[in-house]
Amino acid sequence: MRPAGAARGRAILAALAAAALILFAADLALGSVRVPLREVARALAGLPGDPTSASIVSVFRLPKALTALAAGAALAVSGLVLQTLFRNHLAGPDSLGLGAGASVGVALVVLAAGGPGSSLLAGLGTLGYGALALAASVGALLVLGLILALSRRFDDAVTLLIVGLLVGYLAGSLVSVLVYFGSPQKVQVYLGWTYGSFSSVTRRELPVLLGSVALGLSLTARSSKPLNALLLGERFAEGLGVRVRGARTRILVAAAILAGAATAFCGPIAFLGIAAPQAARRLFRSSDHALLIPGSALAGSIFALAADLASQAPGGGAVLPINPLLALIGSPIILGLFLRSSRSSPDRV
Amino acid sequence: MSRNLCVLAARELAIGWRRGREAVPLASGITLSLRPGELAALVGPNGSGKSTLLRSLTGLQEPLSGAVELCGRHLAGLAVEERARLAATVLTDRFDSGWFTVFDIVAFGRYPFTDARNRLSPRDRAFVLDAIESVGLGTLADRRCGELSDGERQKALIARAVAQDCPLLVLDEPTAFLDAGARIEAFHLALRLARDQRKAVVVSTHDLDLALRYADSLWLLDREHRFESGAPEDLALGGAVGRAFDGPGLRFDPATSSFRAEEDSPRVFVSIEGEKAAAAWAERVALRLGFGIAGGSEDGPHAADGPAAVIRAEAGPCGPGWRLRVASGERSFESLEGLAAALRELF
């Protein structure tokens with residue numbers, strides 16, 4: 001990229017980071033109980049202050065805000081690299097059935113192995129949270145491997161998406177069988193998980209989520225060079241000296257970890273994986289992954305934090321589910337970006 | 001590197017596919033070589049194995065047997081990264097270039113040389129700009145690739161390969177999708193890169209005419225997957241081009257270097273003489289109307305009786321003119337349209 005483009009890219013990244021930071025602070029301050037920003041800062045810094053505010057912030061809101069930040073970034077980046085790898089802008093963790101694969105993993109852990117409690121993972125220790133993240137990632141990876149194997153045979157985009165859909169149904173029916181044989185209590189827990197939420201992650205589970213997301217993001221970030229080449233096709237990349245098979249495997253594993261971890265802890269969250277990379281491309285007017293990876297991550301975090309804020313807007317303790325809110329907030333923004341850039345945009349998005 | 005060292009050499013190469021353990025040969029006995037500064041054109045009918053040969057020569061596909069040497073090193077022993085510094089390939093794969101500009105696409109050529117974060121050094125940047133300049137896209141460097149015409153896009157892709165700075169440049173069907181002018185430009189560019197930058201350039205193409213005109217060396221694959229190489233003129237004159245391309249009702253005529261529909265041998269012969277350009281176009285008219293050319297390659301038994309008509313071409317002060325002399329007399333024409341009408345009328 002030429003210097004002028006790079007400077008513009010950095011400016012947009014900085015603006016996105018600022019927006020994410022503001023939303024993050026707002027997510028800590030706002031909710032059914034308003035906590036003044038000063039108290040928020042005190043609680044974060046560990047300074048003495050109002051004990052109620054401190055416990056609201058550190059026990060409830062901080063994990064929730066961090067979860068939204070991490071899950072949003074994870075799903076967005078997972079979507080971005082899948083879209084690049086499949087060279088299809090409709091690819092994403094949910095459209096390719098990764099969410100469904102992760103659901104099977106979660107259903108297996110929760111319904112078959114989970115404890116008797118009423119929360120998602122009551123009875124599971126830290127080891128259990130790790131197992132949950134691992135099961136979801138493995139489920140996502142299995143689906144991804146299957147789709148990748150099939151995509152060698154069917155090279156066109158539509159077939160690929162149909163395969164993703166079919167794999168989704170397959171996973172769904174597996175889950176149905178597990179639900180059928182599960183105890184009512186566990187089924188209740190599992191169904192609660194499927195609605196999607198950022199607030200079910202506790203402080204104890206948080207390190208597993210953040211660790212998995214950090215791992216996935218760093219794997220992806222190190223692949224930004226081959227990702228750019230792969231965008232133009234595998235044979236093009238090979239001609240440039242990319243070890244295609246290794247790069248592809250590394251990227252797919254990263255995508256599965258990201259989608260798996262986010263899905264394991266927040267439920268199957270649609271929309272973000274497809275929409276956030278789309279928004280980032282439009283915003284940066286670039287196809288360079290060195291920009292698009294941090295850009296998509298920030299866009300994903302922003303959408304997730306905004307949805308989380310909105311989910312508690314009504315006040316009085318009622319919390320709206322995340323999935324519909326995400327689409328409600330995100331769709332108009334993305335449509336707007338499309339309209340703004342439709343004149344100068346490439347033929348195929 | 002010594003000036004005469006072959007950039008690309010293949011000995012007794014057999015190409016094809018492996019289906020499980022079984023080898024499906026496509027062509028064998030391929031021996032070829034290419035030196036710096038030379039342009040080779042690979043031609044052959046559809047399905048003769050051109051793409052497979054190109055892939056085998058650049059390491060994208062394993063040959064069934066035989067060896068390929070790139071700059072004196074065995075291709076099979078080269079790592080992907082090393083290969084990318086010796087051979088740059090422009091494939092026919094169509095892709096969505098997204099938001100990438102011409103500069104971005106050409107900068108991919110520096111990929112084998114940049115660090116893990118793909119940052120361009122000032123030297124890389126200079127290479128990219130030179131490459132863009134060398135294909136004549138200097139003014140379009142910041143244009144998005146999706147906004148280019150097919151010809152400009154092809155040039156950008158060639159510039160990408162030039163920026164890769166390899167001794168071997170392989171262009172797979174660079175003239176596909178291009179209009180007539182852009183096709184000639186593409187060949188001209190390939191020749192210039194060979195001559196000016198001392199690259200060995202391989203171009204596969206369906207434009208036999210341009211290949212015969214521009215290539216130093218013609219690589220020919222025919223429908224039976226036989227391979228021949230040599231100077232294009234030798235192969236045309238010796239009949240190899242005809243053997244590769246002649247189909248039912250179609251024949252390559254070495255005299256005019258063009259394909260003609262195979263018809264019954266002409267009954268009537270005309271003789272054409274005079275000013276070169278005007279005569280050449282008059283000959284095309286006569287051939288189109290089914291006449292034989294006396295003294296030309298169509299020399300048949302009738303020629304002994306003398307031509308039925310003599311056309312004399314002249315470059316007059318106010319444009320060319322043609323004189324048609326037959327047994328019954330002589331007529332003059334100012335246009336070939338008129339000449340054609342008269343020939344139709346008379347015979």
# chains A, B, ... in the order shown; residues from 1 in each chain; ligands from 1

call {"tool": "interface_residues", "arguments": {"of": "chain B", "to": "chain A", "cutoff": "6 Å", "atoms": "only C-alpha atoms", "output": "ChimeraX atom specification"}}
result
/B:80-81,84,95,99-100,104,118,146

call {"tool": "write_last_selection", "arguments": {"atoms": "N, CA, C and O atoms", "output": "JSON list (two decimals), in the first residue's frame"}}
result
[["chain", "number", "residue", "atom", "x", "y", "z"],
["B", 80, "VAL", "N", 9.30, -24.09, -2.35],
["B", 80, "VAL", "CA", 8.34, -23.16, -2.94],
["B", 80, "VAL", "C", 8.90, -21.74, -2.99],
["B", 80, "VAL", "O", 8.75, -21.03, -3.97],
["B", 81, "GLU", "N", 9.57, -21.34, -1.88],
["B", 81, "GLU", "CA", 10.08, -19.98, -1.79],
["B", 81, "GLU", "C", 11.18, -19.73, -2.82],
["B", 81, "GLU", "O", 11.26, -18.66, -3.41],
["B", 84, "ALA", "N", 9.80, -19.34, -6.30],
["B", 84, "ALA", "CA", 9.16, -18.04, -6.53],
["B", 84, "ALA", "C", 10.18, -16.96, -6.86],
["B", 84, "ALA", "O", 9.82, -15.89, -7.34],
["B", 95, "PHE", "N", -9.79, -13.65, -10.91],
["B", 95, "PHE", "CA", -10.08, -13.47, -9.49],
["B", 95, "PHE", "C", -10.62, -12.08, -9.23],
["B", 95, "PHE", "O", -10.49, -11.17, -10.04],
["B", 99, "TRP", "N", -10.43, -4.52, -3.28],
["B", 99, "TRP", "CA", -10.07, -3.11, -3.23],
["B", 99, "TRP", "C", -8.62, -2.88, -3.62],
["B", 99, "TRP", "O", -8.11, -1.77, -3.45],
["B", 100, "PHE", "N", -7.92, -3.92, -4.08],
["B", 100, "PHE", "CA", -6.51, -3.75, -4.41],
["B", 100, "PHE", "C", -6.34, -2.82, -5.61],
["B", 100, "PHE", "O", -7.05, -2.93, -6.61],
["B", 104, "ASP", "N", -0.99, -2.16, -5.50],
["B", 104, "ASP", "CA", -1.09, -3.28, -4.55],
["B", 104, "ASP", "C", -0.85, -4.61, -5.25],
["B", 104, "ASP", "O", -0.14, -5.47, -4.76],
["B", 118, "ASN", "N", 5.19, -8.10, 5.47],
["B", 118, "ASN", "CA", 4.99, -7.72, 4.07],
["B", 118, "ASN", "C", 5.22, -6.23, 3.83],
["B", 118, "ASN", "O", 4.58, -5.62, 2.98],
["B", 146, "GLY", "N", -10.22, -3.46, -10.18],
["B", 146, "GLY", "CA", -11.54, -3.77, -10.68],
["B", 146, "GLY", "C", -12.05, -2.76, -11.70],
["B", 146, "GLY", "O", -13.00, -3.03, -12.42]]

call {"tool": "select_by_dssp", "arguments": {"residues": "segment 196-332 of chain A", "states": "alpha helix (DSSP H)", "output": "PyMOL selection string"}}
result
chain A and resi 206-221+224-230+234-239+244-266+272-284+289-311+322-332

call {"tool": "closest_residue", "arguments": {"among": "A:Ala280, A:Val104, A:Ala262, A:Ile329", "to": "Pro294 of chain A", "atoms": "only C-alpha atoms"}}
result
A:Ala280

call {"tool": "atom_distance", "arguments": {"atom1": "atom CA of Gly211 of chain A", "atom2": "atom CA of Ala259 of chain A"}}
result
13.3 Å

call {"tool": "atom_distance", "arguments": {"atom1": "atom CA of Gly274 of chain B", "atom2": "atom CA of Tyr214 of chain B"}}
result
28.2 Å

call {"tool": "residues_around", "arguments": {"residues": "Ile333 of chain A", "least_positions_apart": "5", "cutoff": "12 Å", "atoms": "only C-alpha atoms", "output": "list in words"}}
result
Ala275, Ala276, Gln278, Ala279, Ala280, Arg282, Leu283, Ala299, Ile302, Phe303, Leu326, Ala327, Leu328, Phe338, Leu339 and Arg340 of chain A

call {"tool": "write_last_selection", "arguments": {"atoms": "N, CA and C atoms", "output": "short mmCIF file (atom, residue, chain, number, x, y, z; two decimals), in the first residue's frame"}}
result
data_model
loop_
_atom_site.label_atom_id
_atom_site.label_comp_id
_atom_site.auth_asym_id
_atom_site.auth_seq_id
_atom_site.Cartn_x
_atom_site.Cartn_y
_atom_site.Cartn_z
N ALA A 275 -21.05 -9.63 8.96
CA ALA A 275 -21.24 -8.18 8.84
C ALA A 275 -20.02 -7.36 9.20
N ALA A 276 -19.30 -7.76 10.26
CA ALA A 276 -18.19 -6.91 10.71
C ALA A 276 -17.07 -6.81 9.66
N GLN A 278 -17.40 -7.13 6.51
CA GLN A 278 -17.99 -6.36 5.43
C GLN A 278 -17.86 -4.86 5.73
N ALA A 279 -18.21 -4.50 6.96
CA ALA A 279 -18.14 -3.09 7.37
C ALA A 279 -16.69 -2.61 7.31
N ALA A 280 -15.76 -3.46 7.74
CA ALA A 280 -14.36 -3.05 7.77
C ALA A 280 -13.85 -2.79 6.34
N ARG A 282 -15.52 -1.90 3.73
CA ARG A 282 -16.12 -0.66 3.21
C ARG A 282 -15.47 0.56 3.83
N LEU A 283 -15.21 0.45 5.12
CA LEU A 283 -14.68 1.58 5.85
C LEU A 283 -13.25 1.89 5.41
N ALA A 299 -14.39 -3.55 14.65
CA ALA A 299 -15.79 -3.40 14.23
C ALA A 299 -16.66 -4.42 14.94
N ILE A 302 -17.16 -3.36 18.49
CA ILE A 302 -18.08 -2.22 18.57
C ILE A 302 -19.53 -2.67 18.43
N PHE A 303 -19.79 -3.53 17.44
CA PHE A 303 -21.16 -4.05 17.27
C PHE A 303 -21.61 -4.79 18.53
N LEU A 326 -28.29 -7.29 17.61
CA LEU A 326 -27.13 -7.12 16.75
C LEU A 326 -27.55 -6.77 15.32
N ALA A 327 -28.50 -7.55 14.83
CA ALA A 327 -28.97 -7.32 13.47
C ALA A 327 -29.67 -5.98 13.37
N LEU A 328 -30.42 -5.65 14.43
CA LEU A 328 -31.18 -4.40 14.43
C LEU A 328 -30.24 -3.19 14.37
N PHE A 338 -22.71 0.46 2.49
CA PHE A 338 -22.84 -0.05 1.12
C PHE A 338 -23.29 1.07 0.20
N LEU A 339 -24.32 1.80 0.63
CA LEU A 339 -24.87 2.85 -0.23
C LEU A 339 -23.84 3.95 -0.46
N ARG A 340 -23.10 4.30 0.59
CA ARG A 340 -22.13 5.37 0.48
C ARG A 340 -21.04 5.02 -0.53
#

call {"tool": "residues_around", "arguments": {"residues": "Ala112 of chain A", "least_positions_apart": "2", "cutoff": "10 Å", "atoms": "only C-alpha atoms", "output": "VMD selection string"}}
result
chain A and resid 106 to 110 114 to 115 178 to 179 181 to 183 186

call {"tool": "write_last_selection", "arguments": {"atoms": "N, CA, C and O atoms", "output": "CSV table (one decimal), in the first residue's frame"}}
result
chain,number,residue,atom,x,y,z
A,106,VAL,N,-20.8,-28.2,22.4
A,106,VAL,CA,-21.4,-27.7,23.6
A,106,VAL,C,-22.5,-28.6,24.2
A,106,VAL,O,-22.5,-28.9,25.4
A,107,ALA,N,-23.4,-29.0,23.3
A,107,ALA,CA,-24.5,-29.9,23.7
A,107,ALA,C,-23.9,-31.2,24.3
A,107,ALA,O,-24.4,-31.7,25.3
A,108,LEU,N,-22.8,-31.7,23.7
A,108,LEU,CA,-22.2,-32.9,24.2
A,108,LEU,C,-21.7,-32.7,25.7
A,108,LEU,O,-22.0,-33.5,26.6
A,109,VAL,N,-21.0,-31.6,25.8
A,109,VAL,CA,-20.4,-31.3,27.2
A,109,VAL,C,-21.5,-31.0,28.2
A,109,VAL,O,-21.6,-31.6,29.3
A,110,VAL,N,-22.5,-30.1,27.8
A,110,VAL,CA,-23.5,-29.7,28.8
A,110,VAL,C,-24.5,-30.8,29.1
A,110,VAL,O,-24.8,-31.1,30.2
A,114,GLY,N,-22.3,-32.3,31.8
A,114,GLY,CA,-22.5,-31.2,32.7
A,114,GLY,C,-23.0,-31.6,34.1
A,114,GLY,O,-23.6,-32.7,34.3
A,115,GLY,N,-22.8,-30.8,35.1
A,115,GLY,CA,-23.3,-31.0,36.4
A,115,GLY,C,-24.8,-30.8,36.5
A,115,GLY,O,-25.5,-30.4,35.5
A,178,LEU,N,-29.5,-35.3,21.2
A,178,LEU,CA,-28.9,-35.2,22.5
A,178,LEU,C,-29.9,-34.5,23.5
A,178,LEU,O,-30.1,-34.9,24.6
A,179,VAL,N,-30.7,-33.5,23.0
A,179,VAL,CA,-31.7,-32.9,23.8
A,179,VAL,C,-32.8,-33.8,24.2
A,179,VAL,O,-33.2,-33.9,25.3
A,181,PHE,N,-32.6,-36.9,24.8
A,181,PHE,CA,-32.2,-37.9,25.8
A,181,PHE,C,-31.7,-37.1,27.1
A,181,PHE,O,-31.4,-37.8,28.0
A,182,GLY,N,-31.6,-35.8,27.0
A,182,GLY,CA,-31.0,-35.1,28.1
A,182,GLY,C,-32.1,-34.9,29.2
A,182,GLY,O,-33.3,-35.0,29.0
A,183,SER,N,-31.6,-34.6,30.4
A,183,SER,CA,-32.5,-34.4,31.5
A,183,SER,C,-33.1,-33.0,31.3
A,183,SER,O,-32.4,-32.1,30.8
A,186,LYS,N,-30.9,-30.0,32.3
A,186,LYS,CA,-29.8,-29.7,31.5
A,186,LYS,C,-30.3,-29.1,30.1
A,186,LYS,O,-29.6,-28.2,29.5

call {"tool": "residues_around", "arguments": {"residues": "Thr92 of chain B", "least_positions_apart": "4", "cutoff": "8 Å", "atoms": "only C-alpha atoms", "output": "ChimeraX atom specification"}}
result
/B:172-174

call {"tool": "residues_around", "arguments": {"residues": "Arg243 of chain B", "least_positions_apart": "4", "cutoff": "9 Å", "atoms": "only C-alpha atoms", "output": "list in words"}}
result
Asp222, Arg223, Gly239, Gly247, Arg251 and Phe252 of chain B

call {"tool": "write_last_selection", "arguments": {"atoms": "N, CA, C and O atoms", "output": "PDB file, in the first residue's frame"}}
result
ATOM      1  N   ASP B 222       0.488 -31.127 -30.510  1.00  0.00           N
ATOM      2  CA  ASP B 222      -0.630 -31.382 -31.413  1.00  0.00           C
ATOM      3  C   ASP B 222      -1.707 -32.226 -30.728  1.00  0.00           C
ATOM      4  O   ASP B 222      -1.598 -32.544 -29.543  1.00  0.00           O
ATOM      5  N   ARG B 223      -2.745 -32.532 -31.501  1.00  0.00           N
ATOM      6  CA  ARG B 223      -3.880 -33.236 -30.893  1.00  0.00           C
ATOM      7  C   ARG B 223      -3.487 -34.605 -30.375  1.00  0.00           C
ATOM      8  O   ARG B 223      -4.094 -35.123 -29.448  1.00  0.00           O
ATOM      9  N   GLY B 239       5.835 -27.956 -42.177  1.00  0.00           N
ATOM     10  CA  GLY B 239       4.542 -28.630 -42.100  1.00  0.00           C
ATOM     11  C   GLY B 239       4.129 -29.029 -40.692  1.00  0.00           C
ATOM     12  O   GLY B 239       3.046 -29.574 -40.493  1.00  0.00           O
ATOM     13  N   GLY B 247      -7.488 -29.419 -39.260  1.00  0.00           N
ATOM     14  CA  GLY B 247      -8.620 -30.207 -38.820  1.00  0.00           C
ATOM     15  C   GLY B 247      -9.415 -30.592 -40.043  1.00  0.00           C
ATOM     16  O   GLY B 247      -8.981 -30.335 -41.166  1.00  0.00           O
ATOM     17  N   ARG B 251      -6.934 -26.115 -43.323  1.00  0.00           N
ATOM     18  CA  ARG B 251      -5.555 -26.409 -43.680  1.00  0.00           C
ATOM     19  C   ARG B 251      -4.695 -25.179 -43.471  1.00  0.00           C
ATOM     20  O   ARG B 251      -5.090 -24.063 -43.804  1.00  0.00           O
ATOM     21  N   PHE B 252      -3.490 -25.367 -42.913  1.00  0.00           N
ATOM     22  CA  PHE B 252      -2.569 -24.260 -42.729  1.00  0.00           C
ATOM     23  C   PHE B 252      -1.778 -24.079 -44.011  1.00  0.00           C
ATOM     24  O   PHE B 252      -1.192 -25.019 -44.542  1.00  0.00           O
TER      25      PHE B 252
END

call {"tool": "atom_distance", "arguments": {"atom1": "atom CA of Leu160 of chain A", "atom2": "atom CA of Ala270 of chain A"}}
result
18.2 Å

call {"tool": "residues_around", "arguments": {"residues": "Cys166 of chain B", "least_positions_apart": "5", "cutoff": "7 Å", "atoms": "only C-alpha atoms", "output": "compact mmCIF listing (two decimals) with C-alpha atoms, in the first residue's frame"}}
result
# COMPACT_ATOMS: atom_id res chain seq x y z
CA ARG B 85 12.48 -16.24 -6.94
CA LEU B 86 13.32 -18.04 -10.19
CA ALA B 87 10.01 -18.26 -12.05
CA ALA B 88 7.14 -15.79 -12.14

call {"tool": "select_by_dssp", "arguments": {"residues": "segment 80-251 of chain B", "states": "strand (DSSP E or B)", "output": "list in words"}}
result
Ala87, Ala88, Thr89, Val90, Thr101, Arg144, Leu168, Leu169, Val170, Leu171, Asp172, Ala200, Val201, Val202, Val203, Ser204, Ser217, Leu218, Trp219, Leu220, Leu221, Phe227, Glu228, Ser229, Gly230, Gly247, Leu250 and Arg251 of chain B

call {"tool": "decode", "arguments": {"residues": "segment 320-331 of chain B", "atoms": "all heavy atoms", "output": "PDB file, in the first residue's frame"}}
result
ATOM      1  N   PRO B 320      -4.020   3.129 -55.001  1.00  0.00           N
ATOM      2  CA  PRO B 320      -3.673   1.928 -55.763  1.00  0.00           C
ATOM      3  C   PRO B 320      -4.697   1.651 -56.871  1.00  0.00           C
ATOM      4  O   PRO B 320      -5.835   2.113 -56.819  1.00  0.00           O
ATOM      5  CB  PRO B 320      -3.706   0.825 -54.700  1.00  0.00           C
ATOM      6  CG  PRO B 320      -4.638   1.336 -53.654  1.00  0.00           C
ATOM      7  CD  PRO B 320      -4.519   2.828 -53.660  1.00  0.00           C
ATOM      8  N   GLY B 321      -4.256   0.905 -57.853  1.00  0.00           N
ATOM      9  CA  GLY B 321      -5.151   0.509 -58.931  1.00  0.00           C
ATOM     10  C   GLY B 321      -4.808  -0.901 -59.387  1.00  0.00           C
ATOM     11  O   GLY B 321      -3.707  -1.401 -59.125  1.00  0.00           O
ATOM     12  N   TRP B 322      -5.769  -1.549 -60.007  1.00  0.00           N
ATOM     13  CA  TRP B 322      -5.529  -2.927 -60.448  1.00  0.00           C
ATOM     14  C   TRP B 322      -5.967  -3.066 -61.905  1.00  0.00           C
ATOM     15  O   TRP B 322      -7.029  -2.603 -62.311  1.00  0.00           O
ATOM     16  CB  TRP B 322      -6.294  -3.904 -59.571  1.00  0.00           C
ATOM     17  CG  TRP B 322      -5.765  -3.958 -58.171  1.00  0.00           C
ATOM     18  CD1 TRP B 322      -4.816  -4.795 -57.679  1.00  0.00           C
ATOM     19  CD2 TRP B 322      -6.177  -3.132 -57.079  1.00  0.00           C
ATOM     20  NE1 TRP B 322      -4.575  -4.549 -56.366  1.00  0.00           N
ATOM     21  CE2 TRP B 322      -5.404  -3.524 -55.964  1.00  0.00           C
ATOM     22  CE3 TRP B 322      -7.092  -2.071 -56.930  1.00  0.00           C
ATOM     23  CZ2 TRP B 322      -5.537  -2.914 -54.720  1.00  0.00           C
ATOM     24  CZ3 TRP B 322      -7.219  -1.482 -55.699  1.00  0.00           C
ATOM     25  CH2 TRP B 322      -6.443  -1.900 -54.604  1.00  0.00           C
ATOM     26  N   ARG B 323      -5.141  -3.725 -62.705  1.00  0.00           N
ATOM     27  CA  ARG B 323      -5.453  -3.999 -64.105  1.00  0.00           C
ATOM     28  C   ARG B 323      -5.705  -5.485 -64.253  1.00  0.00           C
ATOM     29  O   ARG B 323      -4.853  -6.297 -63.888  1.00  0.00           O
ATOM     30  CB  ARG B 323      -4.240  -3.619 -64.957  1.00  0.00           C
ATOM     31  CG  ARG B 323      -4.521  -2.681 -66.092  1.00  0.00           C
ATOM     32  CD  ARG B 323      -3.218  -2.369 -66.765  1.00  0.00           C
ATOM     33  NE  ARG B 323      -2.786  -1.007 -66.442  1.00  0.00           N
ATOM     34  CZ  ARG B 323      -3.323   0.072 -66.987  1.00  0.00           C
ATOM     35  NH1 ARG B 323      -4.298  -0.042 -67.861  1.00  0.00           N
ATOM     36  NH2 ARG B 323      -2.896   1.271 -66.670  1.00  0.00           N
ATOM     37  N   LEU B 324      -6.852  -5.831 -64.768  1.00  0.00           N
ATOM     38  CA  LEU B 324      -7.205  -7.246 -64.939  1.00  0.00           C
ATOM     39  C   LEU B 324      -7.159  -7.578 -66.427  1.00  0.00           C
ATOM     40  O   LEU B 324      -7.875  -6.978 -67.239  1.00  0.00           O
ATOM     41  CB  LEU B 324      -8.614  -7.508 -64.382  1.00  0.00           C
ATOM     42  CG  LEU B 324      -9.187  -8.896 -64.596  1.00  0.00           C
ATOM     43  CD1 LEU B 324      -8.400  -9.954 -63.836  1.00  0.00           C
ATOM     44  CD2 LEU B 324     -10.667  -8.942 -64.171  1.00  0.00           C
ATOM     45  N   ARG B 325      -6.256  -8.517 -66.789  1.00  0.00           N
ATOM     46  CA  ARG B 325      -6.132  -8.877 -68.210  1.00  0.00           C
ATOM     47  C   ARG B 325      -6.598 -10.312 -68.406  1.00  0.00           C
ATOM     48  O   ARG B 325      -6.093 -11.237 -67.762  1.00  0.00           O
ATOM     49  CB  ARG B 325      -4.683  -8.729 -68.659  1.00  0.00           C
ATOM     50  CG  ARG B 325      -4.541  -8.560 -70.170  1.00  0.00           C
ATOM     51  CD  ARG B 325      -3.123  -8.196 -70.552  1.00  0.00           C
ATOM     52  NE  ARG B 325      -2.182  -9.254 -70.236  1.00  0.00           N
ATOM     53  CZ  ARG B 325      -1.113  -9.122 -69.490  1.00  0.00           C
ATOM     54  NH1 ARG B 325      -0.825  -7.939 -68.949  1.00  0.00           N
ATOM     55  NH2 ARG B 325      -0.292 -10.120 -69.272  1.00  0.00           N
ATOM     56  N   VAL B 326      -7.586 -10.477 -69.233  1.00  0.00           N
ATOM     57  CA  VAL B 326      -8.054 -11.824 -69.593  1.00  0.00           C
ATOM     58  C   VAL B 326      -7.997 -11.944 -71.101  1.00  0.00           C
ATOM     59  O   VAL B 326      -7.669 -10.975 -71.797  1.00  0.00           O
ATOM     60  CB  VAL B 326      -9.500 -12.083 -69.092  1.00  0.00           C
ATOM     61  CG1 VAL B 326      -9.518 -12.210 -67.593  1.00  0.00           C
ATOM     62  CG2 VAL B 326     -10.425 -10.990 -69.542  1.00  0.00           C
ATOM     63  N   ALA B 327      -8.348 -13.135 -71.612  1.00  0.00           N
ATOM     64  CA  ALA B 327      -8.268 -13.377 -73.054  1.00  0.00           C
ATOM     65  C   ALA B 327      -9.080 -12.359 -73.838  1.00  0.00           C
ATOM     66  O   ALA B 327      -8.677 -11.878 -74.886  1.00  0.00           O
ATOM     67  CB  ALA B 327      -8.745 -14.799 -73.358  1.00  0.00           C
ATOM     68  N   SER B 328     -10.261 -11.981 -73.241  1.00  0.00           N
ATOM     69  CA  SER B 328     -11.169 -11.106 -73.985  1.00  0.00           C
ATOM     70  C   SER B 328     -10.777  -9.635 -73.912  1.00  0.00           C
ATOM     71  O   SER B 328     -11.401  -8.802 -74.558  1.00  0.00           O
ATOM     72  CB  SER B 328     -12.589 -11.292 -73.449  1.00  0.00           C
ATOM     73  OG  SER B 328     -12.569 -11.113 -72.051  1.00  0.00           O
ATOM     74  N   GLY B 329      -9.795  -9.276 -73.079  1.00  0.00           N
ATOM     75  CA  GLY B 329      -9.413  -7.868 -73.029  1.00  0.00           C
ATOM     76  C   GLY B 329      -8.875  -7.462 -71.668  1.00  0.00           C
ATOM     77  O   GLY B 329      -8.502  -8.313 -70.862  1.00  0.00           O
ATOM     78  N   GLU B 330      -8.866  -6.160 -71.416  1.00  0.00           N
ATOM     79  CA  GLU B 330      -8.261  -5.644 -70.182  1.00  0.00           C
ATOM     80  C   GLU B 330      -9.167  -4.605 -69.538  1.00  0.00           C
ATOM     81  O   GLU B 330      -9.792  -3.803 -70.246  1.00  0.00           O
ATOM     82  CB  GLU B 330      -6.914  -5.016 -70.533  1.00  0.00           C
ATOM     83  CG  GLU B 330      -6.012  -4.808 -69.337  1.00  0.00           C
ATOM     84  CD  GLU B 330      -4.627  -4.330 -69.748  1.00  0.00           C
ATOM     85  OE1 GLU B 330      -3.905  -5.110 -70.395  1.00  0.00           O
ATOM     86  OE2 GLU B 330      -4.292  -3.187 -69.407  1.00  0.00           O
ATOM     87  N   ARG B 331      -9.264  -4.622 -68.192  1.00  0.00           N
ATOM     88  CA  ARG B 331     -10.072  -3.613 -67.489  1.00  0.00           C
ATOM     89  C   ARG B 331      -9.295  -3.095 -66.284  1.00  0.00           C
ATOM     90  O   ARG B 331      -8.471  -3.810 -65.724  1.00  0.00           O
ATOM     91  CB  ARG B 331     -11.392  -4.224 -66.998  1.00  0.00           C
ATOM     92  CG  ARG B 331     -12.386  -4.468 -68.109  1.00  0.00           C
ATOM     93  CD  ARG B 331     -13.540  -5.293 -67.590  1.00  0.00           C
ATOM     94  NE  ARG B 331     -14.381  -4.546 -66.647  1.00  0.00           N
ATOM     95  CZ  ARG B 331     -15.380  -5.119 -65.971  1.00  0.00           C
ATOM     96  NH1 ARG B 331     -15.627  -6.409 -66.109  1.00  0.00           N
ATOM     97  NH2 ARG B 331     -16.106  -4.385 -65.164  1.00  0.00           N
TER      98      ARG B 331
END
